[in-house]
Amino acid sequence: MLTSQLSKISPVLFTFIIMGFVDVVGVSTGFVKQDFGLSDTLAQFLPSMVFIWFFVFSIPFGVWQDKIGKKNMMSLGILVTFVGLLVPFVLYSYFSIVIAFILLGIGNTIIQVAANPLLQEVSSSQRLPSYLSFAQFIKSITALFGPIIATGMAMYFGDWKLVFLVYAVGAYLSLIWLRNTEIIESKSDSVVATFSSCFDLLSSPFIMLVVLAIFLIVGADVGMYSNIQVFLIKLHQVSLENASYGISVYFTAQMIGRLSGAVLLSFIKTYSFLILATLFSALGVIVLYFSSTVFMAYLSIFFIGLGAANLFPLVFSIAINALPERSNEISGLLVMAIVGGAVVPPFIGFVTAIWTVSVSILALLGVFVGILVASLFLLKIKKIRFIK
């Protein structure tokens, strides 16, 4: 019985590794900027090419998933990701990288839509929360090793792009494993989320706040890890390769934060945790602004990652628990709000290009202050009249 369950859960958990491949955009941005002599503003449009598709396709893919099934939808997402990873080896140019990141963004959108529902199909309701936590931990490992692999490939083989080949092999293996795993999917009796039903919810101040919070949280996260190289190079004049390790420091902190957060949430209320974590991240940004040494900068990056680690799941759980009967619509809106990862990084790159890197760090601090304000308003709201 246990062996049978593991044989179905394992390939689904492995798909969360593929979900983490999209974070390669962080380390890639610095290398592409260097290879093609891009400005900070133009370079920061690369993360936008990944995250804008969450806004465009999250609900349509959710509707389509009801028709073709979760396993088929996940397989499609992995296949699109696989193709995107191969593009830079066919032709390496700024245009081809943009195409690759568009495919990675679309593939990741599909994977995000399918992953949690598919994991629900192969686990019991009692074990689902622990499996979801473990899945996020697995995703964090991928994000952690991405910069290390890319930097290692650049230093030892002279080609950082080999990280895409490593990831492509992983995506191919995941697709084969999943396709050869029998998963019996349950039929949902719930109403399928539509654009109309989703946007009707935005008339609720509570829903507006959680959507805004997710927009800012993802924007702050992507804006941070895609600019770590720039921050370290311009603040402390380190090499690109050494600056890339700062991204691994950030993702290490997130991995630790997600594991410890699962324990701390047993003792700390969700809203309190959200506010404290946001304050901790903001403190880290302030330390980065005033950092006088490389070590202090790395320490501040660790603080920011540690605080930001649980912001997304905290807000997501607050939203779903507030109105579980509308979870489909709320989930659609929150996944669409991931488009914040396509808006904030170019803004930070624009600020860096027009003013200085110190001003761009203050802009990032402003995003975390926005998250804090939204969190405080969520805490203040006690009773909300939701749309029926």
# chains A, B, ... in the order shown; residues from 1 in each chain; ligands from 1
>>> closest_atom_pairs(of="region 53-121 of chain A", to="region 338-360 of chain A", cutoff="10 Å", atoms="only C-alpha atoms", output="JSON lines")
{"residue": "A:Trp53", "atom": "CA", "partner": "A:Val339", "partner_atom": "CA", "distance": 7.2}
{"residue": "A:Phe54", "atom": "CA", "partner": "A:Val339", "partner_atom": "CA", "distance": 5.8}
{"residue": "A:Phe55", "atom": "CA", "partner": "A:Val339", "partner_atom": "CA", "distance": 5.4}
{"residue": "A:Val56", "atom": "CA", "partner": "A:Val339", "partner_atom": "CA", "distance": 8.7}
{"residue": "A:Ser58", "atom": "CA", "partner": "A:Ile338", "partner_atom": "CA", "distance": 9.7}
{"residue": "A:Thr109", "atom": "CA", "partner": "A:Ile338", "partner_atom": "CA", "distance": 9.6}
>>> write_last_selection(atoms="N, CA and C atoms", output="PDB file, in the first residue's frame")
ATOM      1  N   TRP A  53       2.823  35.970 -18.158  1.00  0.00           N
ATOM      2  CA  TRP A  53       1.888  34.948 -18.639  1.00  0.00           C
ATOM      3  C   TRP A  53       0.971  34.418 -17.548  1.00  0.00           C
ATOM      4  N   PHE A  54       1.356  34.626 -16.287  1.00  0.00           N
ATOM      5  CA  PHE A  54       0.459  34.248 -15.200  1.00  0.00           C
ATOM      6  C   PHE A  54      -0.828  35.066 -15.282  1.00  0.00           C
ATOM      7  N   PHE A  55      -0.701  36.323 -15.658  1.00  0.00           N
ATOM      8  CA  PHE A  55      -1.870  37.188 -15.796  1.00  0.00           C
ATOM      9  C   PHE A  55      -2.723  36.789 -16.994  1.00  0.00           C
ATOM     10  N   VAL A  56      -2.059  36.406 -18.069  1.00  0.00           N
ATOM     11  CA  VAL A  56      -2.762  36.141 -19.323  1.00  0.00           C
ATOM     12  C   VAL A  56      -3.457  34.781 -19.320  1.00  0.00           C
ATOM     13  N   SER A  58      -3.593  32.136 -16.607  1.00  0.00           N
ATOM     14  CA  SER A  58      -3.909  31.330 -15.420  1.00  0.00           C
ATOM     15  C   SER A  58      -5.349  30.826 -15.418  1.00  0.00           C
ATOM     16  N   THR A 109       3.354  28.632 -15.894  1.00  0.00           N
ATOM     17  CA  THR A 109       1.959  28.953 -15.587  1.00  0.00           C
ATOM     18  C   THR A 109       1.107  27.687 -15.589  1.00  0.00           C
TER      19      THR A 109
END
>>> residues_around(residues="Val315 (chain A)", least_positions_apart="5", cutoff="9 Å", atoms="only C-alpha atoms", output="count of residues only")
10
>>> residues_around(residues="Val83 (chain A)", least_positions_apart="6", cutoff="10 Å", atoms="only C-alpha atoms", output="number ranges by chain")
A: 100, 103-104, 107, 168, 171-172
>>> select_by_dssp(residues="region 155-325 of chain A", states="alpha helix (DSSP H)", output="CSV table (one decimal) with C-alpha atoms, in the first residue's frame")
chain,number,residue,atom,x,y,z
A,155,MET,CA,33.8,29.0,-14.6
A,156,TYR,CA,34.7,25.4,-15.5
A,162,LEU,CA,24.8,24.6,-19.9
A,163,VAL,CA,22.5,25.1,-17.0
A,164,PHE,CA,19.6,25.0,-19.5
A,165,LEU,CA,20.8,21.6,-20.8
A,166,VAL,CA,20.9,20.2,-17.2
A,167,TYR,CA,17.4,21.5,-16.6
A,168,ALA,CA,16.2,20.1,-20.0
A,169,VAL,CA,17.3,16.6,-19.1
A,170,GLY,CA,15.5,17.0,-15.7
A,171,ALA,CA,12.3,18.1,-17.5
A,172,TYR,CA,12.5,15.2,-20.0
A,173,LEU,CA,12.9,12.6,-17.2
A,174,SER,CA,10.0,14.2,-15.2
A,175,LEU,CA,7.7,14.0,-18.3
A,176,ILE,CA,8.5,10.4,-19.0
A,177,TRP,CA,8.1,9.5,-15.3
A,178,LEU,CA,4.7,11.2,-15.0
A,179,ARG,CA,3.3,9.8,-18.3
A,195,PHE,CA,-13.3,35.7,-15.8
A,196,SER,CA,-16.6,37.1,-14.8
A,197,SER,CA,-16.9,35.3,-11.5
A,198,CYS,CA,-13.3,36.1,-10.6
A,199,PHE,CA,-13.4,39.8,-11.3
A,200,ASP,CA,-16.8,40.1,-9.5
A,205,PRO,CA,-11.9,45.2,-0.2
A,206,PHE,CA,-10.5,42.0,1.4
A,207,ILE,CA,-10.0,40.4,-2.0
A,208,MET,CA,-8.5,43.5,-3.5
A,209,LEU,CA,-6.0,43.6,-0.6
A,210,VAL,CA,-4.9,40.0,-0.9
A,211,VAL,CA,-4.5,40.4,-4.7
A,212,LEU,CA,-2.5,43.5,-4.2
A,213,ALA,CA,-0.4,41.8,-1.6
A,214,ILE,CA,0.4,38.9,-3.9
A,215,PHE,CA,1.2,41.3,-6.7
A,216,LEU,CA,3.7,43.1,-4.4
A,217,ILE,CA,5.1,39.9,-2.8
A,218,VAL,CA,6.0,38.2,-6.1
A,219,GLY,CA,7.2,41.5,-7.5
A,220,ALA,CA,9.5,42.1,-4.4
A,221,ASP,CA,10.8,38.5,-4.6
A,222,VAL,CA,11.6,38.5,-8.3
A,223,GLY,CA,12.8,42.1,-8.1
A,224,MET,CA,15.2,41.1,-5.4
A,225,TYR,CA,16.7,37.9,-6.7
A,228,ILE,CA,21.2,40.7,-6.5
A,229,GLN,CA,24.0,40.6,-9.0
A,230,VAL,CA,23.6,44.2,-9.8
A,231,PHE,CA,23.4,45.2,-6.2
A,232,LEU,CA,26.6,43.4,-5.2
A,233,ILE,CA,28.5,44.5,-8.3
A,234,LYS,CA,27.7,48.2,-8.0
A,235,LEU,CA,27.8,48.4,-4.3
A,236,HIS,CA,30.9,46.3,-3.6
A,240,LEU,CA,29.7,38.6,-11.8
A,241,GLU,CA,30.5,35.0,-10.9
A,242,ASN,CA,30.9,35.9,-7.2
A,243,ALA,CA,27.8,38.1,-7.3
A,244,SER,CA,25.8,35.1,-8.6
A,245,TYR,CA,26.5,33.3,-5.4
A,246,GLY,CA,24.4,35.9,-3.7
A,247,ILE,CA,21.3,34.5,-5.4
A,248,SER,CA,22.1,31.1,-3.8
A,249,VAL,CA,22.4,32.8,-0.4
A,250,TYR,CA,18.9,34.3,-1.0
A,251,PHE,CA,17.4,30.9,-2.0
A,252,THR,CA,19.1,29.1,0.9
A,253,ALA,CA,17.5,31.6,3.3
A,254,GLN,CA,14.1,30.9,1.6
A,255,MET,CA,14.6,27.2,2.0
A,256,ILE,CA,15.4,27.5,5.7
A,257,GLY,CA,12.5,30.0,6.1
A,258,ARG,CA,9.9,27.6,4.6
A,259,LEU,CA,11.0,24.7,6.8
A,260,SER,CA,11.1,26.8,10.0
A,261,GLY,CA,7.9,28.6,9.0
A,262,ALA,CA,5.9,25.3,9.0
A,263,VAL,CA,7.0,24.9,12.7
A,264,LEU,CA,6.5,28.5,13.8
A,270,THR,CA,-1.0,33.8,10.6
A,271,TYR,CA,-1.5,37.5,10.5
A,272,SER,CA,1.2,38.2,13.1
A,273,PHE,CA,3.6,36.0,11.2
A,274,LEU,CA,2.8,37.8,8.0
A,275,ILE,CA,3.5,41.2,9.6
A,276,LEU,CA,6.7,40.1,11.4
A,277,ALA,CA,8.1,38.4,8.3
A,278,THR,CA,7.4,41.5,6.2
A,279,LEU,CA,9.2,43.7,8.8
A,280,PHE,CA,12.1,41.3,8.8
A,281,SER,CA,12.5,41.5,5.0
A,282,ALA,CA,12.2,45.3,5.1
A,283,LEU,CA,14.9,45.3,7.8
A,284,GLY,CA,17.2,43.2,5.5
A,285,VAL,CA,16.7,45.7,2.7
A,286,ILE,CA,17.7,48.6,5.0
A,287,VAL,CA,20.8,46.6,6.1
A,288,LEU,CA,21.7,46.1,2.4
A,289,TYR,CA,21.3,49.8,1.7
A,290,PHE,CA,23.8,50.7,4.5
A,294,VAL,CA,30.5,42.3,1.1
A,295,PHE,CA,29.8,40.1,4.1
A,296,MET,CA,27.2,42.6,5.4
A,297,ALA,CA,25.6,42.6,2.0
A,298,TYR,CA,25.4,38.8,1.9
A,299,LEU,CA,24.0,38.8,5.4
A,300,SER,CA,21.3,41.3,4.5
A,301,ILE,CA,20.4,39.2,1.4
A,302,PHE,CA,20.0,36.2,3.8
A,303,PHE,CA,17.7,38.3,6.0
A,304,ILE,CA,15.5,39.4,3.1
A,305,GLY,CA,15.2,35.8,1.8
A,306,LEU,CA,14.4,34.5,5.3
A,307,GLY,CA,11.6,37.0,5.8
A,308,ALA,CA,10.2,36.8,2.3
A,311,LEU,CA,4.8,35.7,2.5
A,312,PHE,CA,3.2,34.1,-0.6
A,313,PRO,CA,1.8,31.0,1.2
A,314,LEU,CA,0.7,33.1,4.2
A,315,VAL,CA,-1.4,35.5,2.0
A,316,PHE,CA,-2.7,32.6,-0.1
A,317,SER,CA,-3.9,30.6,2.9
A,318,ILE,CA,-5.5,33.7,4.4
A,319,ALA,CA,-7.5,34.3,1.2
A,320,ILE,CA,-8.6,30.7,0.7
A,321,ASN,CA,-9.5,30.2,4.4
A,322,ALA,CA,-11.6,33.3,4.4
>>> residues_around(residues="Val113 (chain A)", least_positions_apart="4", cutoff="10 Å", atoms="only C-alpha atoms", output="list in words")
Phe54, Phe57, Ser58, Ile59, Pro60, Phe61, Gly62, Val63, Gln65, Lys70, Met73, Met74, Gly77, Asn108, Thr109, Pro117, Leu118, Ser331, Gly332 and Val335 of chain A
>>> closest_residue(among="A:Leu85, A:Val50, A:Leu144, A:Ala43", to="Gly20 (chain A)", atoms="only C-alpha atoms")
A:Leu144
